[in-house]
Amino acid sequence: MKVIYLNIWAGKVYAPLMEYLRAASRDTDFLCLQEVFDSLEHRTVSWGGRADILTGLKEALPGYDVYYSVSVENFDWDEPSDFPFLHGNAIFARKGIPVISHGDLLIAGEDWQGPGTGLIFPHKLQYIRTEHRGVPCTIASLHGTAYPGSKLDTPERIAQSQKVIDFLATEEGEKILGGDFNLLPETESIRMIER
């Protein structure tokens, strides 16, 4: 089984991203992508990401079923957007691979009330349950909280790691966890997960 995790920055670097994903799709079972936007509008958001990147991904990867997890609506990074779009993560599962179930878990930003409130932006752990060689397998894709940008431990990041640990402890069989943790390797938040 081959799984790729990648924060795509909503396609800010579009042509190389699409070239990479098309090439990777030849032998990859699951593509777990973070910062995937979805909109009916074909526009660029304020910092350069594409509001409709999910549509482009689906067109470039027709051999996959798509599972989308929304973290927040109508928010263009630092301010509310002036058009409707979704900010989330996506798991692309190769067609024919059995997906038993899928879902997500809010791991940060439970109290978020919008930009400028000083509260943590919502982040999720997205997952798919499948079976590999007769054994249950959970593939989990993490997009961890990005602030503060130091990528060091904070109480919120410790709590986020504990939520991930608690969730994976309930899963049967094999577990694969990856993604954009927004953490340095030497943090306690990472050591918790490693243990």
# chains A, B, ... in the order shown; residues from 1 in each chain; ligands from 1
>>> closest_atom_pairs(of="range 21-41 of chain A", to="range 142-157 of chain A", cutoff="10 Å", atoms="only C-alpha atoms", output="tab-separated table")
residue	atom	partner	partner_atom	distance
A:Cys32	CA	A:Leu142	CA	8.9
A:Leu33	CA	A:His143	CA	9.0
A:Gln34	CA	A:His143	CA	6.3
A:Glu35	CA	A:His143	CA	8.2
>>> select_by_dssp(residues="range 18-176 of chain A", states="alpha helix (DSSP H)", output="VMD selection string")
chain A and resid 18 to 24 53 to 60 155 to 169
>>> closest_residue(among="A:Val45, A:Ile139, A:Ile100, A:Met192", to="Gly179 in chain A", atoms="only C-alpha atoms")
A:Ile139
>>> residues_around(residues="range 131-137 of chain A", least_positions_apart="6", cutoff="12 Å", atoms="only C-alpha atoms", output="MDAnalysis selection string")
chainID A and resid 1:2 29 96:102 168 171:177
>>> write_last_selection(atoms="C-alpha atoms", output="compact mmCIF listing (two decimals), in the first residue's frame")
# COMPACT_ATOMS: atom_id res chain seq x y z
CA MET A 1 0.00 0.00 0.00
CA LYS A 2 1.34 3.41 -0.93
CA ASP A 29 -3.35 4.00 -3.38
CA GLY A 96 -11.57 -0.43 -6.30
CA ILE A 97 -9.97 -0.18 -2.86
CA PRO A 98 -12.65 -0.97 -0.29
CA VAL A 99 -13.47 2.02 1.93
CA ILE A 100 -15.40 0.68 4.91
CA SER A 101 -16.06 4.10 6.42
CA HIS A 102 -14.63 7.61 6.59
CA LEU A 168 -6.23 6.07 17.11
CA GLU A 171 -9.13 1.96 15.97
CA GLU A 172 -8.65 -1.74 15.23
CA GLY A 173 -5.80 -3.19 13.20
CA GLU A 174 -3.07 -1.21 11.49
CA LYS A 175 -2.88 2.58 11.67
CA ILE A 176 -1.13 4.99 9.34
CA LEU A 177 -0.85 8.63 10.42
>>> residues_around(residues="Asp104 in chain A", least_positions_apart="4", cutoff="8 Å", atoms="only C-alpha atoms", output="list in words")
Ser69, Lys124, Leu125, Gln126 and Tyr127 of chain A
>>> write_last_selection(atoms="N, CA and C atoms", output="PDB file, in the first residue's frame")
ATOM      1  N   SER A  69     -13.269  16.751   3.646  1.00  0.00           N
ATOM      2  CA  SER A  69     -13.531  17.126   5.032  1.00  0.00           C
ATOM      3  C   SER A  69     -13.413  18.641   5.158  1.00  0.00           C
ATOM      4  N   LYS A 124      -8.573  19.678  11.475  1.00  0.00           N
ATOM      5  CA  LYS A 124      -9.182  18.358  11.616  1.00  0.00           C
ATOM      6  C   LYS A 124      -8.216  17.234  11.307  1.00  0.00           C
ATOM      7  N   LEU A 125      -8.536  16.093  11.869  1.00  0.00           N
ATOM      8  CA  LEU A 125      -7.931  14.815  11.498  1.00  0.00           C
ATOM      9  C   LEU A 125      -8.976  14.124  10.629  1.00  0.00           C
ATOM     10  N   GLN A 126      -8.613  13.821   9.397  1.00  0.00           N
ATOM     11  CA  GLN A 126      -9.514  13.111   8.495  1.00  0.00           C
ATOM     12  C   GLN A 126      -9.061  11.656   8.422  1.00  0.00           C
ATOM     13  N   TYR A 127      -9.995  10.732   8.261  1.00  0.00           N
ATOM     14  CA  TYR A 127      -9.598   9.324   8.239  1.00  0.00           C
ATOM     15  C   TYR A 127     -10.470   8.510   7.290  1.00  0.00           C
TER      16      TYR A 127
END
>>> atom_distance(atom1="CA of Thr130 in chain A", atom2="CA of Ala169 in chain A")
16.5 Å
>>> decode(residues="range 152-169 of chain A", atoms="N, CA, C and O atoms", output="compact mmCIF listing (two decimals), in the first residue's frame")
# COMPACT_ATOMS: atom_id res chain seq x y z
N LEU A 152 6.42 24.97 17.81
CA LEU A 152 6.80 24.42 19.11
C LEU A 152 5.55 24.07 19.90
O LEU A 152 4.43 24.41 19.52
N ASP A 153 5.75 23.37 21.03
CA ASP A 153 4.64 22.97 21.88
C ASP A 153 3.87 24.17 22.42
O ASP A 153 4.47 25.19 22.79
N THR A 154 2.57 24.04 22.45
CA THR A 154 1.67 24.97 23.14
C THR A 154 0.63 24.08 23.82
O THR A 154 0.48 22.91 23.46
N PRO A 155 -0.10 24.60 24.78
CA PRO A 155 -1.17 23.78 25.38
C PRO A 155 -2.16 23.26 24.33
O PRO A 155 -2.62 22.12 24.43
N GLU A 156 -2.45 24.07 23.32
CA GLU A 156 -3.39 23.65 22.28
C GLU A 156 -2.81 22.51 21.45
O GLU A 156 -3.53 21.58 21.06
N ARG A 157 -1.51 22.55 21.17
CA ARG A 157 -0.89 21.48 20.39
C ARG A 157 -0.77 20.19 21.19
O ARG A 157 -0.92 19.10 20.64
N ILE A 158 -0.52 20.30 22.48
CA ILE A 158 -0.50 19.11 23.34
C ILE A 158 -1.90 18.48 23.35
O ILE A 158 -2.06 17.26 23.20
N ALA A 159 -2.92 19.32 23.50
CA ALA A 159 -4.31 18.82 23.50
C ALA A 159 -4.66 18.19 22.15
O ALA A 159 -5.33 17.15 22.09
N GLN A 160 -4.20 18.81 21.08
CA GLN A 160 -4.44 18.28 19.73
C GLN A 160 -3.83 16.89 19.59
O GLN A 160 -4.48 15.96 19.10
N SER A 161 -2.59 16.72 20.03
CA SER A 161 -1.93 15.40 19.96
C SER A 161 -2.68 14.37 20.80
O SER A 161 -2.82 13.22 20.37
N GLN A 162 -3.17 14.78 21.96
CA GLN A 162 -3.89 13.84 22.80
C GLN A 162 -5.19 13.39 22.12
O GLN A 162 -5.56 12.21 22.22
N LYS A 163 -5.86 14.28 21.41
CA LYS A 163 -7.08 13.90 20.69
C LYS A 163 -6.76 12.88 19.59
O LYS A 163 -7.52 11.93 19.38
N VAL A 164 -5.64 13.07 18.90
CA VAL A 164 -5.22 12.13 17.86
C VAL A 164 -4.92 10.76 18.48
O VAL A 164 -5.37 9.73 18.00
N ILE A 165 -4.19 10.76 19.59
CA ILE A 165 -3.83 9.52 20.29
C ILE A 165 -5.09 8.80 20.75
O ILE A 165 -5.23 7.59 20.56
N ASP A 166 -6.01 9.54 21.36
CA ASP A 166 -7.24 8.92 21.87
C ASP A 166 -8.05 8.30 20.74
O ASP A 166 -8.61 7.21 20.89
N PHE A 167 -8.13 9.00 19.60
CA PHE A 167 -8.87 8.46 18.47
C PHE A 167 -8.21 7.19 17.94
O PHE A 167 -8.87 6.16 17.76
N LEU A 168 -6.91 7.23 17.68
CA LEU A 168 -6.23 6.07 17.11
C LEU A 168 -6.24 4.88 18.06
O LEU A 168 -6.24 3.73 17.62
N ALA A 169 -6.29 5.13 19.36
CA ALA A 169 -6.34 4.03 20.34
C ALA A 169 -7.61 3.21 20.20
O ALA A 169 -7.64 2.03 20.55
